[in-house]
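In what follows, a single structure is set out as structure tokens and then discussed.
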Amino acid sequence: MWYDEIGENNDIILSSCVSVVRNIRGYKFPTKMDAEEKEFVLTSAEAFAKENDMKFVRLEELSDGQRVEFLRHKIANIEELQNPSGKGLVISDDESLSIVVNQGNHFRIQGNCNGGDINSIFWAVEKLAVNVEKKFDIAFSERLGFLSSNPFEVGTGLRVSFIISVPAIEKGGVMPKVLQRLNSLDWKMVPYIGDGNKRTGNLYEVYSTSTLGVTEKKIYERAITVLEDIVKVERMCREAIYNKNKIIVEDQYFRSYGMLKYCQKLELSEALEALGWLRLAHSMIKDNSVDLDLTKINKMTDRICTEMKHLKGNASIKVETARAKQIRAILEGESN
Amino acid sequence: MRCERCGKQIGNKIFKYNNSYLCPECASATGVADMLANPFAGVMNMMDSDFMGAIPPVFSNLEFSSTRAQIKCPKCGTSFRDFDNTGTFGCIECYVAFNDQLQRYLMKSQPNTDYMGRKPGILSEGNTWQDEATEDVKASEEVEAPAAINEAEDEKLTKYENSDIGMLSDDDLKEAIQLAVKKENYMLAARFRDELKGREGN
């Protein structure tokens, strides 16, 4: 499964996603569709899955546990799972490629990978999209390209996004520069968790915005540029911060580890701050008393993020204790 | 800015009412101008006359006077206000119905409003995925049968060498340069390069 692997630059780029939206000509978009039309799209998606050796599921038929799994692996998002009627999923064997059916658009073809290795998924997604286009009569206009329910995605319908953790860029105060650079490439950065513009932790989602007036190749090249820039800057900042304030960074590193290992209740912002310190100094501090590797750090971050999305009432003591318990379990080496 | 009722360019004076922008002519026609100049007129009237007649004309006139709200997609019934609220269209026809407004949105949010991507069902030409795939094939062939490839390249190069240099296309020349360099025939490569440069100069 793709989410078990350690990817390229996985200490900075948590995961990458490439998504392409496509619609069938002659049918309304899913928000205006009736049950019969939805059923038609679902059955044709099922047939498509069969032809391409992929799995097909209807979201309504999933159990709660399965839904959380899909959420955790970023295959489906929360809106789809909260309102599953008439929606479906086509998934490849290793779950790295999937097609979400009837959510916003008829098809959203997406590829996920851990770390920043988008080279493999980008063209895999494009290839799958081509297969979809061959099978169905796709809504396409010579002037505007592929038509989607959200007019801001009209054109290539293609979007690349990364989830990044950049504690050193944040602490080093170079965020404005990074944002400027992203802007010049028509990319955007938003906090990954937290509400609106309020920053929570050092997790951000960066994504491409332009879909019209650019070729697929250009989008791909820009994605690579963004990726390289962020990795380079973050690496430099991490080293600079560590070399300048060695003792402070080490202090924070061990404190954070201790806190995560022995806490009984854990606030969200606290947890993310601690994970940020662990991530920042992890590659530079070598200490055998700390039993920590990148997999564990990523797992903890992931667990916290997904929880944030499906648990309600984040501030309650119950949630905080549950969070602490999960984190402790991961640090002690839980099996899954 | 344009007036949302008549669509004409608005000059210095803009009337804003209920989030709609109006030019002075439309504002006085709908009663907005009077209403804004004397907000209590309606209430004063109400005190004078009976209640039913006292509703200021503004409300009845302006409720749907905004042209943006009036446009509706003939197929799915989505109005432009729906789009403003949800950010999504209802069907493909909406792209035709809201074309003018859409263009303005796209101008703001996209680098260019002309589509430059690939056609449906065809992978974009020259993508690295294809390049790599063909390169892989080349590489594996080279391992298997280097002699065959070498011969083919030699043949090609001699063909380029013997043909009239002026008749070759730019792409051919570029390929020829690469081939010549690969075969370490630098004299030939320089000849092709000079020709290419000369063409660029013209």
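By order of appearance in the structure tokens: chains A, B, ..., then residues from 1 within every chain, and ligands from 1 in the order shown.
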7 Å contacts from chain B to chain A using only C-alpha atoms, as a list in words: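 Every residue of chain B that passes the 7 Å test is in Gly87, Thr88, Phe89, Gly90, Cys91, Ile92, Gln110, Pro111, Asn112, Thr113, Asp114, Tyr115, Met116, Gly117, Pro120, Gly121, Ile122, Leu123, Asn127 and Trp129 of chain B.
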Selection near B:Glu153, 10 Å with only C-alpha atoms, sequence-local residues under 3 positions removed, as a list in words: Ala147, Ala148, Ile149, Asn150, Lys156, Leu157, Thr158, Lys159, Ala176, Leu179, Ala180, Lys182 and Lys183 of chain B
Point-to-point distance in Å for atom CA of A:Gly65 and atom CA of A:Asn83: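 Those two atoms sit 15.7 Å apart.
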Residue neighbourhood stretch 225-236 of chain A, 9 Å, only C-alpha atoms, exclusion window fewer than 6 positions, as an NGL selection string: :A and (9 or 12-13 or 116 or 162 or 164 or 166-169 or 174 or 178 or 181-182 or 185 or 187 or 206 or 280)
Shell around A:Val249 at 10 Å using only C-alpha atoms, local window under 3 positions removed, as a PDB file with N, CA and C atoms, in the first residue's frame:
ATOM      1  N   ILE A 241      19.182  26.975  11.956  1.00  0.00           N
ATOM      2  CA  ILE A 241      18.620  27.126  13.295  1.00  0.00           C
ATOM      3  C   ILE A 241      19.385  26.244  14.287  1.00  0.00           C
ATOM      4  N   TYR A 242      19.679  25.035  13.865  1.00  0.00           N
ATOM      5  CA  TYR A 242      20.370  24.114  14.776  1.00  0.00           C
ATOM      6  C   TYR A 242      21.780  24.613  15.082  1.00  0.00           C
ATOM      7  N   ASN A 243      22.493  25.041  14.056  1.00  0.00           N
ATOM      8  CA  ASN A 243      23.871  25.473  14.295  1.00  0.00           C
ATOM      9  C   ASN A 243      23.941  26.735  15.145  1.00  0.00           C
ATOM     10  N   LYS A 244      22.949  27.565  15.026  1.00  0.00           N
ATOM     11  CA  LYS A 244      22.971  28.832  15.762  1.00  0.00           C
ATOM     12  C   LYS A 244      22.578  28.628  17.223  1.00  0.00           C
ATOM     13  N   ASN A 245      21.540  27.847  17.448  1.00  0.00           N
ATOM     14  CA  ASN A 245      21.026  27.682  18.812  1.00  0.00           C
ATOM     15  C   ASN A 245      21.027  26.217  19.203  1.00  0.00           C
ATOM     16  N   LYS A 246      22.191  25.638  19.176  1.00  0.00           N
ATOM     17  CA  LYS A 246      22.281  24.204  19.384  1.00  0.00           C
ATOM     18  C   LYS A 246      21.563  23.756  20.655  1.00  0.00           C
ATOM     19  N   GLN A 252      14.572  21.651  23.296  1.00  0.00           N
ATOM     20  CA  GLN A 252      13.194  21.544  22.819  1.00  0.00           C
ATOM     21  C   GLN A 252      12.903  20.146  22.273  1.00  0.00           C
ATOM     22  N   TYR A 253      13.914  19.576  21.615  1.00  0.00           N
ATOM     23  CA  TYR A 253      13.745  18.254  21.026  1.00  0.00           C
ATOM     24  C   TYR A 253      13.438  17.215  22.106  1.00  0.00           C
ATOM     25  N   PHE A 254      14.286  17.209  23.154  1.00  0.00           N
ATOM     26  CA  PHE A 254      14.083  16.194  24.193  1.00  0.00           C
ATOM     27  C   PHE A 254      12.828  16.463  25.005  1.00  0.00           C
ATOM     28  N   ARG A 255      12.561  17.736  25.261  1.00  0.00           N
ATOM     29  CA  ARG A 255      11.330  18.087  25.959  1.00  0.00           C
ATOM     30  C   ARG A 255      10.112  17.591  25.202  1.00  0.00           C
ATOM     31  N   TRP A 277       9.150  20.351  16.422  1.00  0.00           N
ATOM     32  CA  TRP A 277      10.515  20.324  16.955  1.00  0.00           C
ATOM     33  C   TRP A 277      11.194  18.989  16.665  1.00  0.00           C
ATOM     34  N   LEU A 278      10.450  17.913  16.832  1.00  0.00           N
ATOM     35  CA  LEU A 278      11.023  16.583  16.560  1.00  0.00           C
ATOM     36  C   LEU A 278      11.472  16.499  15.103  1.00  0.00           C
ATOM     37  N   LEU A 280      12.173  18.974  13.069  1.00  0.00           N
ATOM     38  CA  LEU A 280      13.251  19.915  12.764  1.00  0.00           C
ATOM     39  C   LEU A 280      14.615  19.328  13.103  1.00  0.00           C
ATOM     40  N   ALA A 281      14.696  18.727  14.292  1.00  0.00           N
ATOM     41  CA  ALA A 281      16.016  18.341  14.772  1.00  0.00           C
ATOM     42  C   ALA A 281      16.314  16.866  14.569  1.00  0.00           C
ATOM     43  N   ILE A 285      20.158  15.375  15.427  1.00  0.00           N
ATOM     44  CA  ILE A 285      20.499  14.905  16.766  1.00  0.00           C
ATOM     45  C   ILE A 285      20.537  13.387  16.764  1.00  0.00           C
TER      46      ILE A 285
END
Nearby residues (only C-alpha atoms) at most 7 Å from A:Arg159, same-chain spacing under 4 positions excluded, as a VMD selection string: chain A and resid 18 to 20 207 to 208
